[in-house]
Amino acid sequence: MKNTQHLEHFKSLASQSYDNNSIIKNYLSDIETAILIREVENSFLNLFNQGDMNGTVHTCVGQEFTGVAISRALDKNDWVTSNHRCHGHFISKTMKWEALIDELRGFKSGVCKGIGSSQHLFAEGFLSNGPQAALVPVGCGIAKHLKDNYSNNVCVSFLGEGTLGEGLVYESMNLASIFSLPHIFVLENNLYSQSTEQFRALSGSIELRAKAFDLEFYSTNTWDLDHLFKTCQEAIEYSKHKQKPCFIDIKTYRLNAHSKSDDDRDKKEIEFFKEYDSLNILKKTNLLNKNFENIKTKVARYINNSQPSYLQKDEYFHDQLPRKISAKSKDVHNPDLRLINVLNDAYKNEIENGSYFIGEDILDPYGGAFKVSKGLSELYPKKVIGTPISEAAITGLGIGLSMMGNKSFVEIMFGDFLSYSFDQILSNASKFYHMYAFQCSAPVRIRTPMGGKRGYGPTHSQSLEKFFAGIDNVAMFAVTSLIDPSKMMKDLRTLDCPAIILENKVDYGKKLFQENDFLSIQQIGGSYGPIILKPKEMDPNLTVITYGGTAREVVDGFVEIFQETGFIIQVACLTCINPYNLNPILRLFNKTRNLAIIEDGSTSFGLGSELISEIIAYYNDINFIKIGAMPYPIPSIRSLEDNSLPTIEYIIENLNKLKSESI
Ligand SMILES: Cc1ncc(C[n+]2csc(CCOP(=O)(O)OP(=O)(O)O)c2C)c(N)n1
Ligand SMILES: [Mg+2]
């Protein structure tokens with residue numbers, strides 16, 4: 001649409017006359033909720049102006065009835081996901097307006113103890129987050145949980161029309177449609193995305209967007225309240241009874257600035273919508289004078305009488321990572337099987353234990369690009385979910401499911417494409433526990449084959465762990481054919497933080513390591529602890545710290561390394577990369593001060609730098625080298641790929657450099 005067409009359409013909707021008496025008669029308590037929302041929002045702006053509040057706020061003044069009309073048709077067990085403009089949605093769904101006020105004032109009595117503040121709210125049945133569209137796929141996961149466990153519940157995801165610019169919205173609509181989820185997409189169409197008018201940012205039709213995904217489409221607005229309430233009711237009933245998704249386009253207008261005072265819109269335009277604003281019109285009828293006054297007084301009294309109390313450092317600064325491991329060591333006895341088979345079996349056990357297994361092309365007969373899930377969908381068709389190519393959305397789906405109590409394994413077909421999931425891991429999974437004040441967790445397991453050495457070239461061979469290992473409150477594990485991963489998978493059942501599980505393309509096909517004449521193998525500290533391999537007959541003169549498939553290659557290269565470099569290696573293979581536990585490894589330096597840290601990705605800002613900075617604090621005389629991939633896109637051509645990644649030849653070449661420096 002051109003410039004003013006949207007605006008004119010909204011104006012014509014707003015300026016029609018409606019039967020206020022019957023609206024008051026039929027919807028009095030809903031109107032009171034809307035008044036309450038407005039009073040709370042106005043109180044936030046006052047508190048900011050007085051300097052009594054931190055951060056920012058996006059008020060929904062003018063839009064209150066969207067949340068009210070939706071929540072009116074929901075019940076306690078339905079869920080809502082929301083965005084930055086969430087206060088109205090929150091109050092209408094939970095009625096916890098006092099705890100919302102306290103939250104924004106930073107009080108411990110706030111709904112998230114003052115941690116999340118304005119944009120990050122949680123209560124049973126409700127969550128909001130600030131990054132646009134981030135929670136929409138999580139809503140798919142919640143809806144999937146509701147569908148699989150109850151017969152009559154829905155999840156509503158609110159989004160603004162500016163957020164239709166995010167691809168994640170369409171991935172989520174597609175998932176909701178394909179899986180026939182009771183997921184309701186509620187568009188708050190207020191003509192603006194922050195400062196950008198709709199015609200500048202939105203092409204084509206909103207209705208056709210929904211219909212393209214086969215979503216039942218409803219359209220209404222916040223001026224015709226009777227129509228709004230009835231439409232929301234009808235849409236929610238449709239989703240509840242049919243257990244299918246739908247889309248409601250609610251036209252509305254924000255009367256205040258985008259956040260506190262940023263508003264460049266035409267003043268006359270704002271005045272026009274103020275005049276036709278439903279609450280302002282209802283106020284003018286003088287039928288509700290008392291209601292307005294009472295609510296205003298109630299909110300003001302609450303604010304004036306509340307006592308501040310703040311969360312203390314020691315109540316907040318902790319995480320869910322498995323930081324403590326025991327000092328016990330255990331001999332390792334592996335079955336005579338290939339890693340791929342034991343992994344398949346381990347995941348089968350996890351599905352049997354209630355987990356979902358989610359990913360692209362994982363269904364039988366194909367069974368996954370690397371065949372890890374072969375046979376699983378035939379055994380557990382309801383738990384193994386084949387998905388479209390939507391890494392971000394399926395990660396969100398897994399987060400939503402895991403948040404609702406179903407541990408979920410999400411496969412990212414190639415580790416390279418974990419980048420698509422980055423924001424879901426960072427903005428949702430890693431943060432839920434803390435920002436929602438420990439009221440929920442997101443123990444999703446995101447598993448992916450990393451690494452090269454198969455000639456797949458620059459975009460299908462990378463090892464991106466360094467980009468993910470530093471995400472707070474997200475654990476990272478590396479599977480290796482040095483040890484049967486079944487025990488670790490079982491132990492992960494009780495770990496409440498999100499976890500990334502690295503697998504390795506080349507390692508999959510290897511038989512599990514068996515103790516040989518040269519090396520003994522032990523694991524220290526249980527299934528998350530490092531695996532330590534020590535030479536049997538000789539004293540080591542080099543410690544190698546590595547992980548995953550490369551650890552196996554180094555171990556298999558024991559003799560070759562000795563022959564080519566003179567180094568007798570002992571190997572510490574990290575099972576848990578984040579958090580790593582150095583205690584059992586530091587002991588190894590009593591025997592040797594030579595250290596090589598080998599990682600699969602390039603070394604800049606990588607694991608080697610991280611570990612060295614810690615180790616050097618204990619042993620400042622250590623002679624070390626960081627070995628990793630060359631810092632260039634990985635070439636497909638065999639000869640160049642071999643020279644780009646830590647193959648045994650490449651490792652030997654680098655160890656010889658260490659040797660020349662150490663002599
Ligand atoms: C991914 C992301 N990009 C940018 C922002 C900053 N931002 C916050 S609100 C907003 C506008 C959203 O517009 P719309 O979806 O129409 O919602 P409205 O503010 O109109 O309710 C922007 C750009 C953000 N929060 N998240
Ligand atoms: Mg908008």
# chains A, B, ... in the order shown; residues from 1 in each chain; ligands from 1
call {"tool": "select_by_dssp", "arguments": {"residues": "range 476-633 of chain A", "states": "strand (DSSP E or B)", "output": "MDAnalysis selection string"}}
result
chainID A and resid 476:478 499:504 511 519:524 531:535 542:547 569:574 576:578 594:602 623:629
call {"tool": "residues_near_ligand", "arguments": {"ligand": "ligand 2", "cutoff": "12 Å", "atoms": "only C-alpha atoms and all ligand atoms", "output": "ChimeraX atom specification"}}
result
/A:58,60,63,83-85,132,158-165,187-199,201-202,249-255,257-258
call {"tool": "write_last_selection", "arguments": {"atoms": "N, CA and C atoms", "output": "short mmCIF file (atom, residue, chain, number, x, y, z; two decimals), in the first residue's frame"}}
result
data_model
loop_
_atom_site.label_atom_id
_atom_site.label_comp_id
_atom_site.auth_asym_id
_atom_site.auth_seq_id
_atom_site.Cartn_x
_atom_site.Cartn_y
_atom_site.Cartn_z
N HIS A 58 8.16 0.17 27.23
CA HIS A 58 7.36 0.38 26.02
C HIS A 58 5.90 0.24 26.44
N CYS A 60 1.75 0.28 26.33
CA CYS A 60 0.76 -0.18 25.33
C CYS A 60 -0.48 0.71 25.39
N GLN A 63 -3.49 0.38 23.15
CA GLN A 63 -3.57 -1.00 22.64
C GLN A 63 -4.05 -1.99 23.70
N ASN A 83 6.25 -9.82 23.73
CA ASN A 83 7.43 -9.11 23.25
C ASN A 83 7.77 -7.94 24.16
N HIS A 84 8.43 -6.93 23.58
CA HIS A 84 8.82 -5.76 24.37
C HIS A 84 7.62 -5.00 24.92
N ARG A 85 6.49 -5.04 24.19
CA ARG A 85 5.32 -4.26 24.63
C ARG A 85 4.36 -5.21 25.34
N GLN A 132 12.92 -9.16 18.86
CA GLN A 132 11.69 -9.39 18.09
C GLN A 132 11.63 -10.81 17.54
N PHE A 158 2.13 -13.11 20.75
CA PHE A 158 1.90 -11.73 20.30
C PHE A 158 3.11 -11.26 19.51
N LEU A 159 2.86 -10.52 18.43
CA LEU A 159 3.96 -9.85 17.74
C LEU A 159 3.44 -8.56 17.11
N GLY A 160 4.35 -7.62 16.94
CA GLY A 160 3.97 -6.37 16.26
C GLY A 160 4.11 -6.56 14.77
N GLU A 161 3.47 -5.66 14.00
CA GLU A 161 3.52 -5.85 12.54
C GLU A 161 4.91 -5.56 12.00
N GLY A 162 5.71 -4.74 12.71
CA GLY A 162 7.09 -4.50 12.26
C GLY A 162 7.88 -5.79 12.28
N THR A 163 7.50 -6.68 13.18
CA THR A 163 8.22 -7.94 13.35
C THR A 163 7.93 -8.92 12.22
N LEU A 164 6.98 -8.55 11.36
CA LEU A 164 6.76 -9.38 10.16
C LEU A 164 7.99 -9.32 9.24
N GLY A 165 8.92 -8.44 9.56
CA GLY A 165 10.19 -8.41 8.81
C GLY A 165 11.13 -9.54 9.19
N LEU A 187 -1.26 -10.56 15.80
CA LEU A 187 -0.51 -9.42 15.29
C LEU A 187 -1.10 -8.14 15.85
N GLU A 188 -0.29 -7.37 16.57
CA GLU A 188 -0.74 -6.05 17.02
C GLU A 188 -0.25 -5.07 15.97
N ASN A 189 -1.20 -4.72 15.13
CA ASN A 189 -0.85 -3.93 13.95
C ASN A 189 -1.11 -2.46 14.25
N ASN A 190 -0.05 -1.77 14.69
CA ASN A 190 -0.24 -0.39 15.14
C ASN A 190 0.38 0.62 14.18
N LEU A 191 0.62 0.23 12.96
CA LEU A 191 1.08 1.11 11.88
C LEU A 191 2.57 1.47 11.94
N TYR A 192 3.19 1.25 13.07
CA TYR A 192 4.59 1.68 13.20
C TYR A 192 5.48 0.59 13.78
N SER A 193 6.68 0.58 13.27
CA SER A 193 7.72 -0.24 13.86
C SER A 193 8.76 0.75 14.40
N GLN A 194 8.70 1.00 15.67
CA GLN A 194 9.52 2.03 16.30
C GLN A 194 9.26 3.38 15.62
N SER A 195 10.13 3.82 14.70
CA SER A 195 9.87 5.10 14.03
C SER A 195 9.43 4.90 12.59
N THR A 196 9.41 3.66 12.14
CA THR A 196 9.20 3.41 10.71
C THR A 196 7.73 3.16 10.39
N GLU A 197 7.20 3.98 9.45
CA GLU A 197 5.80 3.78 9.06
C GLU A 197 5.68 2.48 8.31
N GLN A 198 4.49 1.92 8.39
CA GLN A 198 4.28 0.60 7.82
C GLN A 198 4.61 0.51 6.33
N PHE A 199 4.26 1.55 5.57
CA PHE A 199 4.43 1.43 4.12
C PHE A 199 5.92 1.34 3.74
N ALA A 201 8.13 -0.47 5.40
CA ALA A 201 8.77 -1.71 5.87
C ALA A 201 8.01 -2.99 5.51
N LEU A 202 6.78 -2.82 5.09
CA LEU A 202 5.97 -4.04 4.91
C LEU A 202 5.40 -4.08 3.49
N ASP A 249 -5.21 -10.62 13.01
CA ASP A 249 -4.63 -9.29 12.72
C ASP A 249 -5.48 -8.27 13.47
N ILE A 250 -4.90 -7.67 14.51
CA ILE A 250 -5.66 -6.67 15.29
C ILE A 250 -5.12 -5.28 14.98
N LYS A 251 -5.91 -4.48 14.31
CA LYS A 251 -5.48 -3.11 14.03
C LYS A 251 -5.70 -2.27 15.28
N THR A 252 -4.72 -1.44 15.57
CA THR A 252 -4.76 -0.68 16.81
C THR A 252 -3.86 0.55 16.65
N TYR A 253 -3.72 1.33 17.67
CA TYR A 253 -2.83 2.49 17.56
C TYR A 253 -2.19 2.75 18.92
N ARG A 254 -0.87 2.98 18.88
CA ARG A 254 -0.15 3.29 20.12
C ARG A 254 -0.23 4.78 20.36
N LEU A 255 -0.76 5.18 21.53
CA LEU A 255 -0.97 6.61 21.78
C LEU A 255 0.27 7.28 22.37
N ALA A 257 4.66 7.35 23.07
CA ALA A 257 5.89 7.16 22.29
C ALA A 257 6.22 5.68 22.19
N HIS A 258 7.13 5.34 21.27
CA HIS A 258 7.56 3.94 21.15
C HIS A 258 8.05 3.42 22.50
#
call {"tool": "closest_atom_pairs", "arguments": {"of": "range 596-629 of chain A", "to": "range 547-551 of chain A", "cutoff": "10 Å", "atoms": "only C-alpha atoms", "output": "CSV"}}
result
residue,atom,partner,partner_atom,distance
A:Ile597,CA,A:Tyr547,CA,9.5
A:Ile598,CA,A:Thr550,CA,7.9
A:Glu599,CA,A:Tyr547,CA,7.4
A:Asp600,CA,A:Thr550,CA,7.2
call {"tool": "write_last_selection", "arguments": {"atoms": "C-alpha atoms", "output": "mmCIF file, in the first residue's frame"}}
result
data_model
loop_
_atom_site.group_PDB
_atom_site.id
_atom_site.type_symbol
_atom_site.label_atom_id
_atom_site.label_comp_id
_atom_site.auth_asym_id
_atom_site.auth_seq_id
_atom_site.Cartn_x
_atom_site.Cartn_y
_atom_site.Cartn_z
ATOM 1 C CA ILE A 597 46.255 -27.743 22.814
ATOM 2 C CA ILE A 598 44.556 -28.909 19.669
ATOM 3 C CA GLU A 599 41.206 -27.551 18.593
ATOM 4 C CA ASP A 600 39.299 -28.189 15.399
#
call {"tool": "select_by_dssp", "arguments": {"residues": "range 441-655 of chain A", "states": "helix (DSSP H, G or I)", "output": "PyMOL selection string"}}
result
chain A and resi 465-469+486-492+548-556+558-565+583-590+607-615+638-642+648-655
call {"tool": "atom_distance", "arguments": {"atom1": "CA of Ala596 in chain A", "atom2": "CA of Pro535 in chain A"}}
result
16.2 Å
call {"tool": "closest_residue", "arguments": {"among": "A:Glu293, A:Asp556, A:Asp364, A:Glu465", "to": "Leu36 in chain A", "atoms": "only C-alpha atoms"}}
result
A:Glu293
call {"tool": "closest_residue", "arguments": {"among": "A:Pro498, A:Pro388, A:Gly88, A:Pro245", "to": "Phe213 in chain A", "atoms": "only C-alpha atoms"}}
result
A:Pro245
call {"tool": "residues_around", "arguments": {"residues": "Glu564 in chain A", "least_positions_apart": "3", "cutoff": "8 Å", "atoms": "only C-alpha atoms", "output": "number ranges by chain"}}
result
A: 560-561, 652
call {"tool": "write_last_selection", "arguments": {"atoms": "N, CA and C atoms", "output": "CSV table (one decimal), in the first residue's frame"}}
result
chain,number,residue,atom,x,y,z
A,560,GLU,N,53.2,-42.8,15.6
A,560,GLU,CA,53.6,-41.9,14.5
A,560,GLU,C,54.2,-40.6,15.1
A,561,ILE,N,53.5,-40.1,16.1
A,561,ILE,CA,53.9,-38.8,16.7
A,561,ILE,C,55.3,-39.0,17.3
A,652,ILE,N,51.7,-33.2,13.5
A,652,ILE,CA,53.2,-33.5,13.7
A,652,ILE,C,54.0,-32.3,13.2
call {"tool": "closest_atom_pairs", "arguments": {"of": "range 284-359 of chain A", "to": "range 435-453 of chain A", "cutoff": "10 Å", "atoms": "only C-alpha atoms", "output": "JSON lines"}}
result
{"residue": "A:Glu315", "atom": "CA", "partner": "A:Ala437", "partner_atom": "CA", "distance": 10.0}
{"residue": "A:Tyr316", "atom": "CA", "partner": "A:Ala437", "partner_atom": "CA", "distance": 8.4}
{"residue": "A:Asp319", "atom": "CA", "partner": "A:Phe438", "partner_atom": "CA", "distance": 9.8}
{"residue": "A:Gln320", "atom": "CA", "partner": "A:Ser441", "partner_atom": "CA", "distance": 9.2}
{"residue": "A:Ser355", "atom": "CA", "partner": "A:Val444", "partner_atom": "CA", "distance": 9.7}
{"residue": "A:Tyr356", "atom": "CA", "partner": "A:Val444", "partner_atom": "CA", "distance": 9.8}
{"residue": "A:Phe357", "atom": "CA", "partner": "A:Arg445", "partner_atom": "CA", "distance": 9.5}
{"residue": "A:Ile358", "atom": "CA", "partner": "A:Ile446", "partner_atom": "CA", "distance": 9.4}
{"residue": "A:Gly359", "atom": "CA", "partner": "A:Arg447", "partner_atom": "CA", "distance": 9.7}
call {"tool": "residues_around", "arguments": {"residues": "Phe247 in chain A", "least_positions_apart": "2", "cutoff": "6 Å", "atoms": "only C-alpha atoms", "output": "VMD selection string"}}
result
chain A and resid 184 to 186 217
call {"tool": "closest_residue", "arguments": {"among": "A:Leu13, A:Ile521, A:Ile35, A:Leu658", "to": "Asn289 in chain A", "atoms": "only C-alpha atoms"}}
result
A:Ile35
call {"tool": "atom_distance", "arguments": {"atom1": "CA of Leu339 in chain A", "atom2": "CA of Asn406 in chain A"}}
result
25.8 Å
call {"tool": "residues_around", "arguments": {"residues": "range 68-82 of chain A", "least_positions_apart": "2", "cutoff": "9 Å", "atoms": "only C-alpha atoms", "output": "PyMOL selection string"}}
result
chain A and resi 30-31+33-34+64-66+84-86+88-94+119+121+124-130+133+135-136+138-139+142-143+146+152-159+186+225+228-234+236-237
call {"tool": "write_last_selection", "arguments": {"atoms": "C-alpha atoms", "output": "PDB file, in the first residue's frame"}}
result
ATOM      1  CA  ASP A  30     -12.682  -6.426  30.721  1.00  0.00           C
ATOM      2  CA  ILE A  31     -12.945  -2.664  30.478  1.00  0.00           C
ATOM      3  CA  THR A  33      -8.748  -4.558  33.226  1.00  0.00           C
ATOM      4  CA  ALA A  34      -7.971  -2.217  30.334  1.00  0.00           C
ATOM      5  CA  GLU A  64      -4.744  -2.349  26.004  1.00  0.00           C
ATOM      6  CA  PHE A  65      -7.721  -4.215  24.595  1.00  0.00           C
ATOM      7  CA  THR A  66      -5.619  -6.586  22.486  1.00  0.00           C
ATOM      8  CA  HIS A  84       8.822  -5.760  24.366  1.00  0.00           C
ATOM      9  CA  ARG A  85       5.321  -4.258  24.630  1.00  0.00           C
ATOM     10  CA  CYS A  86       4.151  -6.881  27.068  1.00  0.00           C
ATOM     11  CA  GLY A  88      -0.901  -5.303  28.973  1.00  0.00           C
ATOM     12  CA  HIS A  89      -0.595  -8.918  27.863  1.00  0.00           C
ATOM     13  CA  PHE A  90       0.916  -9.814  31.210  1.00  0.00           C
ATOM     14  CA  ILE A  91      -1.689  -8.097  33.342  1.00  0.00           C
ATOM     15  CA  SER A  92      -4.594  -9.499  31.369  1.00  0.00           C
ATOM     16  CA  LYS A  93      -3.222 -13.049  31.470  1.00  0.00           C
ATOM     17  CA  THR A  94      -2.021 -13.131  35.082  1.00  0.00           C
ATOM     18  CA  GLN A 119      10.619  -6.723  28.657  1.00  0.00           C
ATOM     19  CA  LEU A 121       8.483 -11.254  32.351  1.00  0.00           C
ATOM     20  CA  GLU A 124       3.047 -19.628  34.972  1.00  0.00           C
ATOM     21  CA  GLY A 125       1.372 -19.383  31.565  1.00  0.00           C
ATOM     22  CA  PHE A 126       3.269 -16.310  30.388  1.00  0.00           C
ATOM     23  CA  LEU A 127       6.682 -15.258  29.148  1.00  0.00           C
ATOM     24  CA  SER A 128       8.021 -12.265  27.267  1.00  0.00           C
ATOM     25  CA  ASN A 129      11.352 -11.412  25.718  1.00  0.00           C
ATOM     26  CA  GLY A 130      12.807  -8.320  24.036  1.00  0.00           C
ATOM     27  CA  ALA A 133      10.188 -12.772  17.150  1.00  0.00           C
ATOM     28  CA  LEU A 135       9.756 -16.294  21.429  1.00  0.00           C
ATOM     29  CA  VAL A 136       7.518 -17.114  18.486  1.00  0.00           C
ATOM     30  CA  VAL A 138       9.281 -21.165  21.515  1.00  0.00           C
ATOM     31  CA  GLY A 139       5.521 -20.699  21.347  1.00  0.00           C
ATOM     32  CA  ILE A 142       4.798 -24.797  24.072  1.00  0.00           C
ATOM     33  CA  ALA A 143       1.885 -25.468  21.719  1.00  0.00           C
ATOM     34  CA  LEU A 146       0.019 -28.653  25.073  1.00  0.00           C
ATOM     35  CA  ASN A 152      -8.001 -28.262  24.761  1.00  0.00           C
ATOM     36  CA  ASN A 153      -5.190 -25.782  25.341  1.00  0.00           C
ATOM     37  CA  VAL A 154      -3.436 -23.213  23.195  1.00  0.00           C
ATOM     38  CA  CYS A 155      -0.404 -20.989  23.092  1.00  0.00           C
ATOM     39  CA  VAL A 156      -0.778 -17.395  21.914  1.00  0.00           C
ATOM     40  CA  SER A 157       2.205 -15.514  20.492  1.00  0.00           C
ATOM     41  CA  PHE A 158       1.902 -11.734  20.298  1.00  0.00           C
ATOM     42  CA  LEU A 159       3.956  -9.848  17.739  1.00  0.00           C
ATOM     43  CA  VAL A 186      -1.715 -12.369  17.301  1.00  0.00           C
ATOM     44  CA  LEU A 225     -14.696  -3.696  20.941  1.00  0.00           C
ATOM     45  CA  LEU A 228     -12.689  -7.553  18.886  1.00  0.00           C
ATOM     46  CA  PHE A 229     -13.931  -9.662  21.800  1.00  0.00           C
ATOM     47  CA  LYS A 230     -16.039 -11.890  19.591  1.00  0.00           C
ATOM     48  CA  THR A 231     -13.322 -12.380  16.996  1.00  0.00           C
ATOM     49  CA  CYS A 232     -10.682 -13.296  19.555  1.00  0.00           C
ATOM     50  CA  GLN A 233     -13.104 -15.690  21.196  1.00  0.00           C
ATOM     51  CA  GLU A 234     -13.943 -17.294  17.866  1.00  0.00           C
ATOM     52  CA  ILE A 236      -9.233 -19.125  20.147  1.00  0.00           C
ATOM     53  CA  GLU A 237     -12.142 -21.551  20.126  1.00  0.00           C
TER      54      GLU A 237
END
call {"tool": "residues_around", "arguments": {"residues": "Tyr170 in chain A", "least_positions_apart": "3", "cutoff": "10 Å", "atoms": "only C-alpha atoms", "output": "NGL selection string"}}
result
:A and (133 or 136-137 or 164-167 or 173-176 or 209-210 or 212-213 or 390 or 393)
call {"tool": "residues_around", "arguments": {"residues": "Arg105 in chain A", "least_positions_apart": "5", "cutoff": "9 Å", "atoms": "only C-alpha atoms", "output": "list of chain:residue names"}}
result
A:Phe44, A:Leu47, A:Asp52, A:Met53, A:Asn54, A:Leu100, A:Gly110, A:Gly114, A:Ser117, A:Pro308
call {"tool": "closest_residue", "arguments": {"among": "A:Lys382, A:Lys324, A:Asn21, A:Ser427", "to": "ligand 1", "atoms": "only C-alpha atoms and all ligand atoms"}}
result
A:Ser427
call {"tool": "atom_distance", "arguments": {"atom1": "CA of Asn49 in chain A", "atom2": "CA of Ser261 in chain A"}}
result
10.2 Å
call {"tool": "closest_residue", "arguments": {"among": "A:Asp262, A:Glu641, A:Asp277, A:Glu503", "to": "ligand 1", "atoms": "only C-alpha atoms and all ligand atoms"}}
result
A:Asp262
call {"tool": "closest_residue", "arguments": {"among": "A:Lys431, A:Arg593, A:His333, A:Lys487", "to": "Tyr618 in chain A", "atoms": "only C-alpha atoms"}}
result
A:Arg593
